[in-house]
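**Q** If you scroll down you'll find the structure; I have some questions about it.
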Amino acid sequence: MRDALWKLSAAAQAAAVRGGEISAVELIDSHLERIAEVNPQVNAVTQLLAERARQAAERTDRRRAAGEELGPLAGVPFTVKESTAIEGVPTTFGTPRFRDLVAPVDAPPVARLRAAGAIPIGHSNMPTLILAGMHTRSELFGDTANPWDPARTPGGTSGGDAVAVATGMAALGLGNDSGGSVRVPAQFCGVAGLKPTTGRFPADHRILGPDDPGPASQLLVTDGPFARTVGDLRLAYEVLVGTDPRDPRAVPVPAYGEPLSGSLKVAVVADPGGHGVHPTVRAAIAAAAEALRDAGYEVHEVPDVPRLDEALEAYGRITVTEFAPTWPVVRGLLGEGGDRYIEMTMQRTPPASADEFMKLMGSWLNIRRSWAEFLHEYPLLLGPSFTEPPVEPGLESRDRAGRDRVGSGMRLCTATSFVGVPGVAVPTGLADGLPTGVQIVGRAFREDLCLAAAQAVEDGLGILTPVEPIVGKSTGN
């Protein structure tokens with residue numbers, strides 16, 4: 001076991017530490033060796049916390065030796081996106097301007113994982129300020145490579161965590177998602193990822209000072225974990241749920257809801273909105289649908305999801321309106337070319353007037369109602385996280401066509417973030433040497449149903465990672 005501790009699932013790692021089969025220090029050292037081996041090739045881990053992680057592991061081992069009960073993630077290393085605070089470590093957001101922005105306390109999800117025994121082993125890369133595009137490239141740390149093919153993006157904005165988990169540098173990763181930032185890199189890197197219901201996990205997304213962001217940032221951004229198996233994703237989910245006085249938005253809803261009677265109905269939409277879907281993505285959805293049928297789910301192909309284009313338009317108008325007043329200052333923090341993605345977005349979607357904004361807020365609720373009715377009939381929805389295989393790095397910032405192509409590709413992620421429902425991304429296999437995957441969307445606060453369905457897909461189609469990074473390979477799209 002000691003020769004490949006980093007290859008074990010998070011559940012197996014924690015069980016081995018709790019049972020005394022291995023020490024937490026051995027487990028951390030195994031991952032540090034793995035980071036030293038592969039991170040130079042993929043550039044996913046940005047701020048390595050080697051000594052801090054070893055010290056935390058030593059404390060875990062002392063507690064076990066003293067007979068204390070250890071948590072469900074005892075000794076398990078995890079990475080944390082550069083936008084999420086780790087106490088005593090700079091939260092840089094990938095920009096040089098914030099390189100000395102040392103966090104005074106852990107963000108709520110980091111604190112929860114740590115309380116369960118997990119150990120933060122490093123920060124992970126992201127696009128500068130989360131705004132420079134979908135590809136994981138920051139001004140401070142450079143590009144992160146997709147381990148399956150460096151000519152393809154790992155996705156983003158939580159791409160560093162997805163790559164770290166996929167390559168075995170950490171058993172878990174902590175990202176966030178406001179329109180696909182967990183689910184897209186999960187699909188592109190061949191791992192599982194969870195975007196929870198709005199209000200399911202407590203969070204604190206303030207950047208500087210005590211002031212909170214506006215309504216769009218408050219309601220769209222959710223922290224979410226990555227793992228190599230759905231079982232590990234479930235472990236992280238169980239740790240992260242609950243309330244916290246630092247986040248009045250977090251809702252005290254049980255992690256597991258009441259069982260639903262009869263066979264669970266799953267709606268399948270391979271091409272949301274009818275805007276096109278790549279054959280390999282369509283095939284992945286078909287394979288996942290078959291795995292669900294085999295597991296006893298009642299699978300139905302339906303014409304479409306509710307009001308997709310309306311949701312996308314409202315999402316764009318609301319976010320741009322909230323963001324526009326600060327754009328002249330923010331663009332100066334993004335570095336050369338880092339402003340292209342948002343600039344093209346703002347040119348395409350102008351800010352709304354005050355009257356228009358109020359109407360948009362009403363539309364937001366109305367669209368959420370339509371989705372609630374849809375998910376009342378079909379408790380689960382199977383569809384793509386991204387409607388193409390992994391694309392080339394920086395496509396979304398290259399020109400308007402590239403920006404629109406990427407925006408269209410992640411449209412189901414954007415819509416489901418807008419309505420606040422949970423989604424689990426799960427791998428389905430390989431096509432032309434690249435990972436394929438799907439997402440399973442559910443009713444609000446029914447992550448348990450999504451995770452159970454994702455487990456059925458994993459049971460039927462298998463696990464893809466950990467993977468050895470490929471250097472210098474290129475594939476066609």
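In the structure tokens, chains take the letters A, B, ... in the order shown, each chain's residues start at 1, and ligands count up from 1 in the order shown.
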Compile the contact shell of Asp29 of chain A as a JSON list (two decimals) with N, CA and C atoms, in the first residue's frame: residues with an atom at most 9 Å away, counting only C-alpha atoms, same-chain residues fewer than 4 positions apart removed.
**A**
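As a result, part_2.json now contains:
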```
[["chain", "number", "residue", "atom", "x", "y", "z"],
["A", 24, "ALA", "N", -0.62, 9.61, 8.74],
["A", 24, "ALA", "CA", -0.99, 10.77, 7.94],
["A", 24, "ALA", "C", 0.22, 11.41, 7.30],
["A", 25, "VAL", "N", 1.36, 11.38, 8.00],
["A", 25, "VAL", "CA", 2.59, 11.93, 7.44],
["A", 25, "VAL", "C", 3.00, 11.16, 6.19],
["A", 33, "GLU", "N", 5.46, 13.91, -3.00],
["A", 33, "GLU", "CA", 6.33, 13.30, -4.02],
["A", 33, "GLU", "C", 5.65, 13.30, -5.38],
["A", 34, "ARG", "N", 4.36, 13.01, -5.39],
["A", 34, "ARG", "CA", 3.60, 13.02, -6.64],
["A", 34, "ARG", "C", 3.56, 14.44, -7.23],
["A", 50, "ALA", "N", 3.75, 22.55, 1.79],
["A", 50, "ALA", "CA", 4.36, 21.29, 2.20],
["A", 50, "ALA", "C", 4.56, 21.22, 3.71],
["A", 54, "ARG", "N", 2.57, 18.86, 6.41],
["A", 54, "ARG", "CA", 3.24, 17.87, 7.25],
["A", 54, "ARG", "C", 2.93, 18.10, 8.72]]
```
**Q** Show me, as an MDAnalysis selection string, the residues that have an atom within 6 Å of segment 145-159 of chain A when counting only C-alpha atoms, minus same-chain residues fewer than 2 positions from it.
**A** chainID A and resid 42 126:127 134:136 161:162 175 181:182 184:185 188 390:393 469:470 473:474
**Q** Take the residues from that selection and write them out as a PDB file, in the first residue's frame, keeping C-alpha atoms.
**A**
```pdb
ATOM      1  CA  VAL A  42       0.825  20.516 -15.691  1.00  0.00           C
ATOM      2  CA  MET A 126      -7.409  29.584 -12.080  1.00  0.00           C
ATOM      3  CA  PRO A 127      -7.974  32.301 -14.706  1.00  0.00           C
ATOM      4  CA  MET A 134     -12.631  29.575 -19.259  1.00  0.00           C
ATOM      5  CA  HIS A 135      -9.061  28.363 -19.782  1.00  0.00           C
ATOM      6  CA  THR A 136      -7.003  28.065 -16.588  1.00  0.00           C
ATOM      7  CA  ASP A 161      -8.187  21.607  -8.860  1.00  0.00           C
ATOM      8  CA  ALA A 162      -9.528  19.307 -11.572  1.00  0.00           C
ATOM      9  CA  GLY A 175     -13.369  24.884  -6.556  1.00  0.00           C
ATOM     10  CA  SER A 181     -16.499  26.295 -13.413  1.00  0.00           C
ATOM     11  CA  VAL A 182     -16.525  22.921 -11.617  1.00  0.00           C
ATOM     12  CA  VAL A 184     -16.653  21.772 -17.274  1.00  0.00           C
ATOM     13  CA  PRO A 185     -13.129  21.023 -15.958  1.00  0.00           C
ATOM     14  CA  PHE A 188     -12.416  17.886 -19.588  1.00  0.00           C
ATOM     15  CA  PRO A 390     -12.081  19.749 -24.671  1.00  0.00           C
ATOM     16  CA  VAL A 391     -11.280  22.763 -26.859  1.00  0.00           C
ATOM     17  CA  GLU A 392      -7.971  24.532 -27.388  1.00  0.00           C
ATOM     18  CA  PRO A 393      -6.657  26.843 -24.657  1.00  0.00           C
ATOM     19  CA  PRO A 469       0.218  13.543 -17.800  1.00  0.00           C
ATOM     20  CA  ILE A 470       0.882  13.345 -21.523  1.00  0.00           C
ATOM     21  CA  LYS A 473       0.662  15.045 -27.735  1.00  0.00           C
ATOM     22  CA  SER A 474      -1.973  16.694 -29.918  1.00  0.00           C
TER      23      SER A 474
END
```
**Q** Considering only C-alpha atoms, can you say which of A:Leu27, A:Ala57, A:Ala203, A:Ala311 comes closest to Gly168 of chain A?
**A**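 Looking at the shortest contact to Gly168 of chain A, the residue is A:Leu27.
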**Q** Taking the chain letters and numbering used in this document, name the residues of segment 333-394 of chain A that DSSP puts in strand (DSSP E or B), as number ranges by chain.
**A** A: 380-383
**Q** Would you pick out the contacts of segment 322-334 of chain A at 9 Å or less, using only C-alpha atoms, so that residues sharing its chain but fewer than 4 positions from it are not included, and give the list as number ranges by chain?
**A** A: 94-97, 128-129, 131-132, 138-139, 213-217, 317-318, 338-339, 342-343, 346, 350-351
**Q** For the residues in that selection, give me N, CA and C atoms as a PDB file, in the first residue's frame.
**A**
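And here's part.pdb as it stands now:
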```pdb
ATOM      1  N   GLY A  94      -4.863  34.851  -8.662  1.00  0.00           N
ATOM      2  CA  GLY A  94      -4.035  34.755  -9.863  1.00  0.00           C
ATOM      3  C   GLY A  94      -3.490  36.068 -10.375  1.00  0.00           C
ATOM      4  N   THR A  95      -3.621  37.150  -9.608  1.00  0.00           N
ATOM      5  CA  THR A  95      -3.122  38.445 -10.063  1.00  0.00           C
ATOM      6  C   THR A  95      -1.979  38.920  -9.172  1.00  0.00           C
ATOM      7  N   PRO A  96      -0.912  39.483  -9.740  1.00  0.00           N
ATOM      8  CA  PRO A  96       0.205  39.955  -8.914  1.00  0.00           C
ATOM      9  C   PRO A  96      -0.214  40.975  -7.871  1.00  0.00           C
ATOM     10  N   ARG A  97      -1.263  41.750  -8.150  1.00  0.00           N
ATOM     11  CA  ARG A  97      -1.700  42.783  -7.221  1.00  0.00           C
ATOM     12  C   ARG A  97      -2.125  42.190  -5.874  1.00  0.00           C
ATOM     13  N   THR A 128      -7.140  34.506 -14.227  1.00  0.00           N
ATOM     14  CA  THR A 128      -6.949  35.705 -13.425  1.00  0.00           C
ATOM     15  C   THR A 128      -8.289  36.295 -12.987  1.00  0.00           C
ATOM     16  N   LEU A 129      -8.442  36.468 -11.671  1.00  0.00           N
ATOM     17  CA  LEU A 129      -9.645  37.045 -11.068  1.00  0.00           C
ATOM     18  C   LEU A 129     -10.935  36.306 -11.442  1.00  0.00           C
ATOM     19  N   LEU A 131     -11.993  35.946 -14.216  1.00  0.00           N
ATOM     20  CA  LEU A 131     -12.639  36.716 -15.277  1.00  0.00           C
ATOM     21  C   LEU A 131     -11.925  36.626 -16.625  1.00  0.00           C
ATOM     22  N   ALA A 132     -10.727  36.070 -16.651  1.00  0.00           N
ATOM     23  CA  ALA A 132      -9.940  36.116 -17.878  1.00  0.00           C
ATOM     24  C   ALA A 132     -10.387  35.112 -18.928  1.00  0.00           C
ATOM     25  N   SER A 138      -3.458  32.129 -15.430  1.00  0.00           N
ATOM     26  CA  SER A 138      -3.440  33.336 -14.604  1.00  0.00           C
ATOM     27  C   SER A 138      -2.189  34.147 -14.882  1.00  0.00           C
ATOM     28  N   GLU A 139      -2.317  35.444 -14.675  1.00  0.00           N
ATOM     29  CA  GLU A 139      -1.175  36.329 -14.889  1.00  0.00           C
ATOM     30  C   GLU A 139      -0.048  35.996 -13.926  1.00  0.00           C
ATOM     31  N   PRO A 213     -20.628  41.236  -2.357  1.00  0.00           N
ATOM     32  CA  PRO A 213     -20.967  41.586  -3.738  1.00  0.00           C
ATOM     33  C   PRO A 213     -22.476  41.705  -3.924  1.00  0.00           C
ATOM     34  N   GLY A 214     -22.894  42.044  -5.142  1.00  0.00           N
ATOM     35  CA  GLY A 214     -24.300  42.216  -5.465  1.00  0.00           C
ATOM     36  C   GLY A 214     -25.045  40.905  -5.603  1.00  0.00           C
ATOM     37  N   PRO A 215     -26.341  40.985  -5.988  1.00  0.00           N
ATOM     38  CA  PRO A 215     -27.198  39.795  -5.962  1.00  0.00           C
ATOM     39  C   PRO A 215     -26.739  38.679  -6.882  1.00  0.00           C
ATOM     40  N   ALA A 216     -26.244  39.008  -8.063  1.00  0.00           N
ATOM     41  CA  ALA A 216     -25.819  37.944  -8.974  1.00  0.00           C
ATOM     42  C   ALA A 216     -24.668  37.147  -8.379  1.00  0.00           C
ATOM     43  N   SER A 217     -23.657  37.851  -7.863  1.00  0.00           N
ATOM     44  CA  SER A 217     -22.514  37.163  -7.270  1.00  0.00           C
ATOM     45  C   SER A 217     -22.924  36.399  -6.022  1.00  0.00           C
ATOM     46  N   ARG A 317     -27.528  39.559 -18.886  1.00  0.00           N
ATOM     47  CA  ARG A 317     -27.888  40.942 -18.591  1.00  0.00           C
ATOM     48  C   ARG A 317     -27.692  41.275 -17.111  1.00  0.00           C
ATOM     49  N   ILE A 318     -28.104  40.371 -16.232  1.00  0.00           N
ATOM     50  CA  ILE A 318     -27.991  40.627 -14.794  1.00  0.00           C
ATOM     51  C   ILE A 318     -26.525  40.717 -14.369  1.00  0.00           C
ATOM     52  N   GLY A 338      -5.962  39.783 -20.726  1.00  0.00           N
ATOM     53  CA  GLY A 338      -6.870  39.155 -19.774  1.00  0.00           C
ATOM     54  C   GLY A 338      -8.257  39.743 -19.757  1.00  0.00           C
ATOM     55  N   ASP A 339      -8.402  40.917 -20.392  1.00  0.00           N
ATOM     56  CA  ASP A 339      -9.714  41.575 -20.404  1.00  0.00           C
ATOM     57  C   ASP A 339     -10.556  41.226 -21.616  1.00  0.00           C
ATOM     58  N   ILE A 342     -14.177  39.248 -21.042  1.00  0.00           N
ATOM     59  CA  ILE A 342     -15.238  40.067 -20.465  1.00  0.00           C
ATOM     60  C   ILE A 342     -15.581  41.228 -21.381  1.00  0.00           C
ATOM     61  N   GLU A 343     -14.583  41.804 -22.025  1.00  0.00           N
ATOM     62  CA  GLU A 343     -14.854  42.926 -22.931  1.00  0.00           C
ATOM     63  C   GLU A 343     -15.776  42.490 -24.065  1.00  0.00           C
ATOM     64  N   MET A 346     -19.307  42.042 -22.676  1.00  0.00           N
ATOM     65  CA  MET A 346     -20.013  43.291 -22.424  1.00  0.00           C
ATOM     66  C   MET A 346     -20.433  43.977 -23.720  1.00  0.00           C
ATOM     67  N   PRO A 350     -25.201  44.482 -23.368  1.00  0.00           N
ATOM     68  CA  PRO A 350     -25.069  45.764 -22.669  1.00  0.00           C
ATOM     69  C   PRO A 350     -25.763  45.726 -21.310  1.00  0.00           C
ATOM     70  N   PRO A 351     -25.315  46.569 -20.372  1.00  0.00           N
ATOM     71  CA  PRO A 351     -25.968  46.642 -19.056  1.00  0.00           C
ATOM     72  C   PRO A 351     -27.427  47.079 -19.189  1.00  0.00           C
TER      73      PRO A 351
END
```
**Q** Give the answer as one residue: which of A:Glu458, A:Asp204, A:Glu21, A:Glu356 has the shortest atom-to-atom distance to Ala107 of chain A, using only C-alpha atoms?
**A** A:Asp204
**Q** So which residues of segment 148-389 of chain A fall under alpha helix (DSSP H) by DSSP, listed as a PyMOL selection string?
**A** chain A and resi 159-166+183-189+215-220+230-240+279-294+308-323+327-330+340-348+354-377
**Q** How many Å separate atom CA of Ser363 of chain A from atom CA of Leu219 of chain A?
**A**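 Interatomic distance, atom CA of Ser363 of chain A to atom CA of Leu219 of chain A: 14.7 Å.
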**Q** How close does segment 62-175 of chain A get to segment 7-12 of chain A? List, as CSV, each residue of segment 62-175 of chain A within 12 Å, its nearest atom pair and the distance in Å to one decimal, counting only C-alpha atoms.
**A**
```
residue,atom,partner,partner_atom,distance
A:Gly71,CA,A:Ala11,CA,11.1
A:Pro72,CA,A:Ala11,CA,7.8
A:Leu73,CA,A:Ala11,CA,7.1
A:Ala74,CA,A:Ala10,CA,9.2
A:Gly75,CA,A:Ala10,CA,9.2
A:Val76,CA,A:Ala10,CA,6.2
A:Pro77,CA,A:Ala10,CA,8.4
A:Phe78,CA,A:Ala10,CA,9.6
A:Gly117,CA,A:Ala10,CA,11.4
A:Ala118,CA,A:Ala10,CA,9.5
A:Ile119,CA,A:Ala10,CA,11.6
A:Val165,CA,A:Lys7,CA,10.2
A:Ala166,CA,A:Lys7,CA,10.2
A:Thr167,CA,A:Lys7,CA,9.1
A:Gly168,CA,A:Lys7,CA,6.2
A:Met169,CA,A:Lys7,CA,9.1
A:Ala170,CA,A:Ala10,CA,8.9
A:Ala171,CA,A:Ala10,CA,5.4
A:Leu172,CA,A:Ala10,CA,7.2
A:Gly173,CA,A:Ala10,CA,11.0
```
**Q** Restricting the calculation to only C-alpha atoms, which member of A:Gln55, A:Leu292, A:Pro435, A:Ser30 is positioned closest to Cys450 of chain A?
**A** A:Leu292
**Q** When you draw a straight line from atom CA of Pro427 of chain A to atom CA of Gly190 of chain A, how long is it in Å?
**A** 5.4 Å
**Q** Find the residues near Leu264 of chain A: any atom within 9 Å, counting only C-alpha atoms, skip ones fewer than 2 places away on the same chain, and give them as a list in words.
**A**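 Once the nearby chain positions are removed, what remains is Leu260, Ser261, Gly262, Val266, Gly296, Tyr297, Glu298, Val299, Tyr378, Pro379 and Leu380 of chain A.
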**Q** Using only C-alpha atoms, which of A:Val239, A:Phe418, A:Ala444, A:Arg282 sits nearest Glu373 of chain A?
**A**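 Going through A:Val239, A:Phe418, A:Ala444, A:Arg282 one by one, the smallest distance to Glu373 of chain A is for A:Ala444.
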**Q** Which residues are near Arg249 of chain A? Cut-off 9 Å, only C-alpha atoms, ignore same chain within fewer than 3 positions. Put them as a VMD selection string.
**A** chain A and resid 198 to 203 218 to 219 243 to 244
**Q** How far is it from atom CA of Thr222 of chain A to atom CA of Asn176 of chain A, in Å with one decimal?
**A**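 Atom-to-atom, atom CA of Thr222 of chain A to atom CA of Asn176 of chain A, that is 5.4 Å.
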